[in-house]
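Visitor: Let me give you the structure first, and then I'll get to my questions.
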Amino acid sequence: MDSRVTKLPSESEVIVIGGGIFGCSIAYHLAKKGKETILLEKRNICSGASGRNGGQVIQLEGREKEPANIKKRLALTRENNIILKTLSRELKIDLEYRRTGSLDIAFTKEEWKELEYVVKIQEKAGDREIALLTKEETLRLCPLLTQEIKGARYRPSDGTINPFFYTRGLAENFVKHKGEIFTWTEVKKILRKNGKVCGIETTTGQRIRAEKVVNVTNAWSSFLIPEIDILPLRQTAVVTEPAAPLPVCPVEAFIKGEAIYANIQSERGNLIAGGLDSFRLSRQRQYEERIFLEEVRGNAKIFSCLYPSLKDLSIIRAWAGTMALGPDFAPVVGKVPESEGLYMAAGFYNGMAYAAIVGELMSEMIISDRTPSLLECFDPAKYYRRKFVWPKTYNCTSLAEFFARK
Ligand SMILES: Cc1cc2nc3c(=O)[nH]c(=O)nc-3n(C[C@H](O)[C@H](O)[C@H](O)COP(=O)(O)OP(=O)(O)OC[C@H]3O[C@@H](n4cnc5c(N)ncnc54)[C@H](O)[C@@H]3O)c2cc1C
């Protein structure tokens with residue numbers, strides 16, 4: 001619903017701010033449980049990171065070495081994978097969810113050693129599914145890959161999903177459960193009084209009363225809740241003309257020292273990749289949604305590096321988008337301290353692997369006011385009113401290195 005032509009209601013039991021995958025998922029579950037909910041989005045549904053991402057469903061970042069992070073992320077993403085199995089049926093829309101398996105590829109001997117080390121740590125932390133594949137085993141699985149590789153870490157239950165169908169499917173089903181969506185409605189301020197939330201005010205000065213407000217604006221979260229520092233992070237993507245079906249996707253790797261993602265293949269065969277030669281920009285410029293020519297050229301090289309026989313594929317579209325990270329490279333999810341009725345969920349690096357379960361758990365939290373155990377470790381209280389020093393300029397790769405050194 002376009003609120004430029006529609007009058008906003010004066011109150012609602014719950015207001016969800018942000019029409020990305022997390023906002024739509026939380027709103028859908030609230031409405032399904034009978035809670036009166038409205039969703040406000042400053043542009044259109046899926047216009048932020050959720051409409052600009054590759055659609056990889058990666059349950060654990062390939063090189064994650066911290067046992068506590070491995071455990072808490074897998075606890076959520078495994079549940080998410082279970083929901084994804086039946087979500088197309090539940091939403092009555094084919095989300096194009098495919099369990100194709102994923103590869104984290106080593107191109108050098110050092111990286112191969114790192115993967116051996118990482119897999120041991122991940123297995124020790126309870127990851128029973130991953131396998132370390134030799135060069136020959138990897139090439140057997142994906143024969144088009146370059147002979148330059150040294151091997152890979154493989155997870156069979158990762159895959160891909162269509163992020164537009166995923167987000168829109170949740171939004172449409174939210175509306176079916178009597179939820180209301182107001183697009184082109186930007187929230188300027190979350191209203192709070194005596195330690196409680198009491199509503200929101202839009203940039204056009206309209207006020208909506210509510211005792212519960214959920215800030216799901218991700219990269220824009222800190223504009224509405226400045227007490228918690230959520231870091232915006234720009235990422236780039238290119239998409240090719242259709243190629244023949246590839247057996248295993250998606251792929252994570254380092255090319256020329258840069259973290260790349262690749263190989264998400266649409267139903268028509270188009271391939272998506274990104275991350276190579278992304279500019280290091282200041283925090284303010286992380287919101288830049290234009291892509292620079294050098295970045296398009298860099299991303300185009302990903303295909304020739306991975307698949308020499310696909311080097312002539314044409315790039316048909318390119319873009320950038322802004323996702324976000326919490327101060328520990330981990331998401332921040334739950335109740336905001338000192339503001340009864342205020343909730344947030346932000347900072348998911350691989351949001352497609354979390355959104356379905358987080359929507360369900362957040363809706364339980366908002367209705368019962370109790371934090372589900374799976375979300376306890378992401379408590380916003382850990383970061384409340386804390387100041388962090390970030391690099392002056394950064395991209396995905398340099399930020400990952402920064403966190404690894406911390
Ligand atoms: C290029 C790129 C590739 C990626 N690839 C992958 C991938 O392959 N797999 C994966 O899992 N993840 C990927 N990600 C990350 C993924 O996109 C995010 O984890 C996910 O989309 C976050 O969803 P969200 O709902 O939190 O945020 P968003 O989708 O950004 O939603 C936030 C919404 O809030 C709205 N908003 C902001 N401020 C206001 C306001 N004041 N009032 C009202 N509305 C407001 C915004 O317009 C936006 O629509 C990628 C990201 C990018 C940019």
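Every chain in the structure tokens takes a letter, A first, then B, and so on in the order presented; its residues are numbered from 1, and the ligands are numbered from 1 following the presented order.
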Could the residues that lie within 6 Å of ligand 1, counting only C-alpha atoms and all ligand atoms, be listed as a PyMOL selection string?

Guide: chain A and resi 17-23+40-43+45-50+52-57+185-188+216-218+220+234-237+320-323+346+348-353

Visitor: Quick one: everything within 8 Å of Val214 in chain A, counting only C-alpha atoms, minus sequence neighbours fewer than 4 positions away in the same chain. Send it as a ChimeraX atom specification.

Guide: /A:14-17,342-345

Visitor: What parts of range 203-369 of chain A does DSSP call alpha helix (DSSP H)? I'd like the answer as a PyMOL selection string.

Guide: chain A and resi 221-224+293-306+355-368

Visitor: Print the selection's residues with C-alpha atoms to a file, as a PDB file, in the first residue's frame.

Guide:
ATOM      1  CA  SER A 221      19.072   0.903  12.461  1.00  0.00           C
ATOM      2  CA  SER A 222      21.326   3.319  14.310  1.00  0.00           C
ATOM      3  CA  PHE A 223      19.552   6.347  12.845  1.00  0.00           C
ATOM      4  CA  LEU A 224      16.468   5.277  14.837  1.00  0.00           C
ATOM      5  CA  LEU A 293      32.897   0.469 -13.527  1.00  0.00           C
ATOM      6  CA  GLU A 294      36.080  -0.895 -11.903  1.00  0.00           C
ATOM      7  CA  GLU A 295      33.908  -2.959  -9.551  1.00  0.00           C
ATOM      8  CA  VAL A 296      31.871  -4.370 -12.448  1.00  0.00           C
ATOM      9  CA  ARG A 297      35.107  -5.313 -14.216  1.00  0.00           C
ATOM     10  CA  GLY A 298      36.450  -6.904 -11.015  1.00  0.00           C
ATOM     11  CA  ASN A 299      33.290  -8.921 -10.425  1.00  0.00           C
ATOM     12  CA  ALA A 300      33.201 -10.056 -14.052  1.00  0.00           C
ATOM     13  CA  LYS A 301      36.649 -11.612 -13.503  1.00  0.00           C
ATOM     14  CA  ILE A 302      35.231 -13.927 -10.829  1.00  0.00           C
ATOM     15  CA  PHE A 303      33.674 -16.150 -13.494  1.00  0.00           C
ATOM     16  CA  SER A 304      36.870 -16.499 -15.542  1.00  0.00           C
ATOM     17  CA  CYS A 305      38.879 -17.204 -12.345  1.00  0.00           C
ATOM     18  CA  LEU A 306      36.461 -19.929 -11.231  1.00  0.00           C
ATOM     19  CA  ALA A 355      15.224 -14.753   8.403  1.00  0.00           C
ATOM     20  CA  ALA A 356      12.573 -17.470   8.634  1.00  0.00           C
ATOM     21  CA  ILE A 357      13.527 -18.694  12.116  1.00  0.00           C
ATOM     22  CA  VAL A 358      14.271 -15.194  13.441  1.00  0.00           C
ATOM     23  CA  GLY A 359      10.807 -14.044  12.312  1.00  0.00           C
ATOM     24  CA  GLU A 360       9.215 -16.886  14.197  1.00  0.00           C
ATOM     25  CA  LEU A 361      11.280 -16.408  17.382  1.00  0.00           C
ATOM     26  CA  MET A 362      10.949 -12.624  17.389  1.00  0.00           C
ATOM     27  CA  SER A 363       7.174 -12.868  17.087  1.00  0.00           C
ATOM     28  CA  GLU A 364       7.143 -15.169  20.145  1.00  0.00           C
ATOM     29  CA  MET A 365       9.332 -12.708  22.010  1.00  0.00           C
ATOM     30  CA  ILE A 366       7.151  -9.727  21.150  1.00  0.00           C
ATOM     31  CA  ILE A 367       3.948 -11.494  22.159  1.00  0.00           C
ATOM     32  CA  SER A 368       5.224 -13.154  25.361  1.00  0.00           C
TER      33      SER A 368
END

Visitor: Could you give me, as a VMD selection string, the residues within 9 Å of Ala243 in chain A, counting only C-alpha atoms and dropping anything in the same chain fewer than 5 positions from it?

Guide: chain A and resid 265 268 to 271 310 313

Visitor: May I ask for the distance between CA of Lys178 in chain A and CA of Glu36 in chain A, given in Å to one decimal place?

Guide: 7.8 Å

Visitor: What's around Ile200 in chain A at 10 Å? Count only C-alpha atoms, leave out sequence neighbours fewer than 6 positions away in its own chain, and write the answer as a ChimeraX atom specification.

Guide: /A:11,15,17,187-192,206-210,213

Visitor: Would you write out, as CSV, a table of all residues in range 339-405 of chain A that have an atom no more than 7 Å from an atom of range 193-196 of chain A, listing for each the closest atom pair and the distance in Å to one decimal, considering only C-alpha atoms and ordering rows by chain and rising residue number?

Guide:
residue,atom,partner,partner_atom,distance
A:Ser339,CA,A:Gly195,CA,4.7
A:Glu340,CA,A:Lys196,CA,4.4
A:Gly341,CA,A:Lys196,CA,6.3

Visitor: Mind writing the picked residues with C-alpha atoms as a short mmCIF file (atom, residue, chain, number, x, y, z; two decimals), in the first residue's frame?

Guide:
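File result.cif, as written:
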data_model
loop_
_atom_site.label_atom_id
_atom_site.label_comp_id
_atom_site.auth_asym_id
_atom_site.auth_seq_id
_atom_site.Cartn_x
_atom_site.Cartn_y
_atom_site.Cartn_z
CA SER A 339 12.80 1.20 26.32
CA GLU A 340 10.02 -1.22 27.20
CA GLY A 341 8.29 -2.44 24.06
#

Visitor: Give me the range 224-315 of chain A side of the contact with range 134-145 of chain A, cut-off 8 Å, one line per residue showing its nearest atom pair and distance in Å at one decimal, counting only C-alpha atoms, sorted by chain and residue number, as JSON lines.

Guide:
{"residue": "A:Leu246", "atom": "CA", "partner": "A:Cys142", "partner_atom": "CA", "distance": 7.3}
{"residue": "A:Pro247", "atom": "CA", "partner": "A:Cys142", "partner_atom": "CA", "distance": 5.9}
{"residue": "A:Val248", "atom": "CA", "partner": "A:Cys142", "partner_atom": "CA", "distance": 6.1}
{"residue": "A:Leu306", "atom": "CA", "partner": "A:Leu145", "partner_atom": "CA", "distance": 5.5}
{"residue": "A:Tyr307", "atom": "CA", "partner": "A:Leu145", "partner_atom": "CA", "distance": 4.9}
{"residue": "A:Pro308", "atom": "CA", "partner": "A:Leu145", "partner_atom": "CA", "distance": 7.5}
{"residue": "A:Ser309", "atom": "CA", "partner": "A:Leu144", "partner_atom": "CA", "distance": 7.2}

Visitor: Looking at only C-alpha atoms, which of A:Ser157, A:Asn263, A:Asn215, A:Ser88 is the one that sits closest to Val332 in chain A?

Guide: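 Of all the options, A:Asn215 lies closest to Val332 in chain A.
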
Visitor: For Arg78 in chain A, list every protein, DNA or RNA residue within 12 Å, evaluated using only C-alpha atoms, and leave out those in the same chain fewer than 3 positions away; present the list as a compact mmCIF listing (two decimals) with C-alpha atoms, in the first residue's frame.

Guide:
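Output file part_4.txt is given in full below:
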# COMPACT_ATOMS: atom_id res chain seq x y z
CA VAL A 57 21.70 -19.85 1.89
CA ILE A 58 24.96 -20.36 3.78
CA GLN A 59 24.55 -21.73 7.29
CA LEU A 60 28.02 -20.86 8.53
CA ILE A 70 29.91 -21.51 15.30
CA LYS A 71 27.55 -22.99 17.89
CA LYS A 72 25.18 -20.06 18.18
CA ARG A 73 24.94 -19.48 14.42
CA LEU A 74 24.41 -23.13 13.55
CA ALA A 75 21.74 -23.46 16.24
CA ASN A 81 16.88 -24.79 6.99
CA ILE A 82 14.12 -26.98 8.43
CA ILE A 83 11.57 -24.18 7.94
CA LEU A 84 12.78 -23.46 4.39
CA LYS A 85 12.00 -27.04 3.39
CA GLY A 126 29.52 -29.62 16.72
CA ASP A 127 29.35 -29.20 12.95
CA ARG A 128 28.83 -32.80 11.80
CA GLU A 129 28.00 -32.09 8.19
CA SER A 157 22.63 -28.79 2.91
CA ASP A 158 23.45 -25.19 1.90
CA ALA A 353 19.94 -18.39 6.30
CA TYR A 354 18.32 -16.76 9.36
CA ALA A 355 15.22 -14.75 8.40
CA ALA A 356 12.57 -17.47 8.63
CA ILE A 357 13.53 -18.69 12.12
CA VAL A 358 14.27 -15.19 13.44
CA LEU A 374 18.24 -19.36 20.81
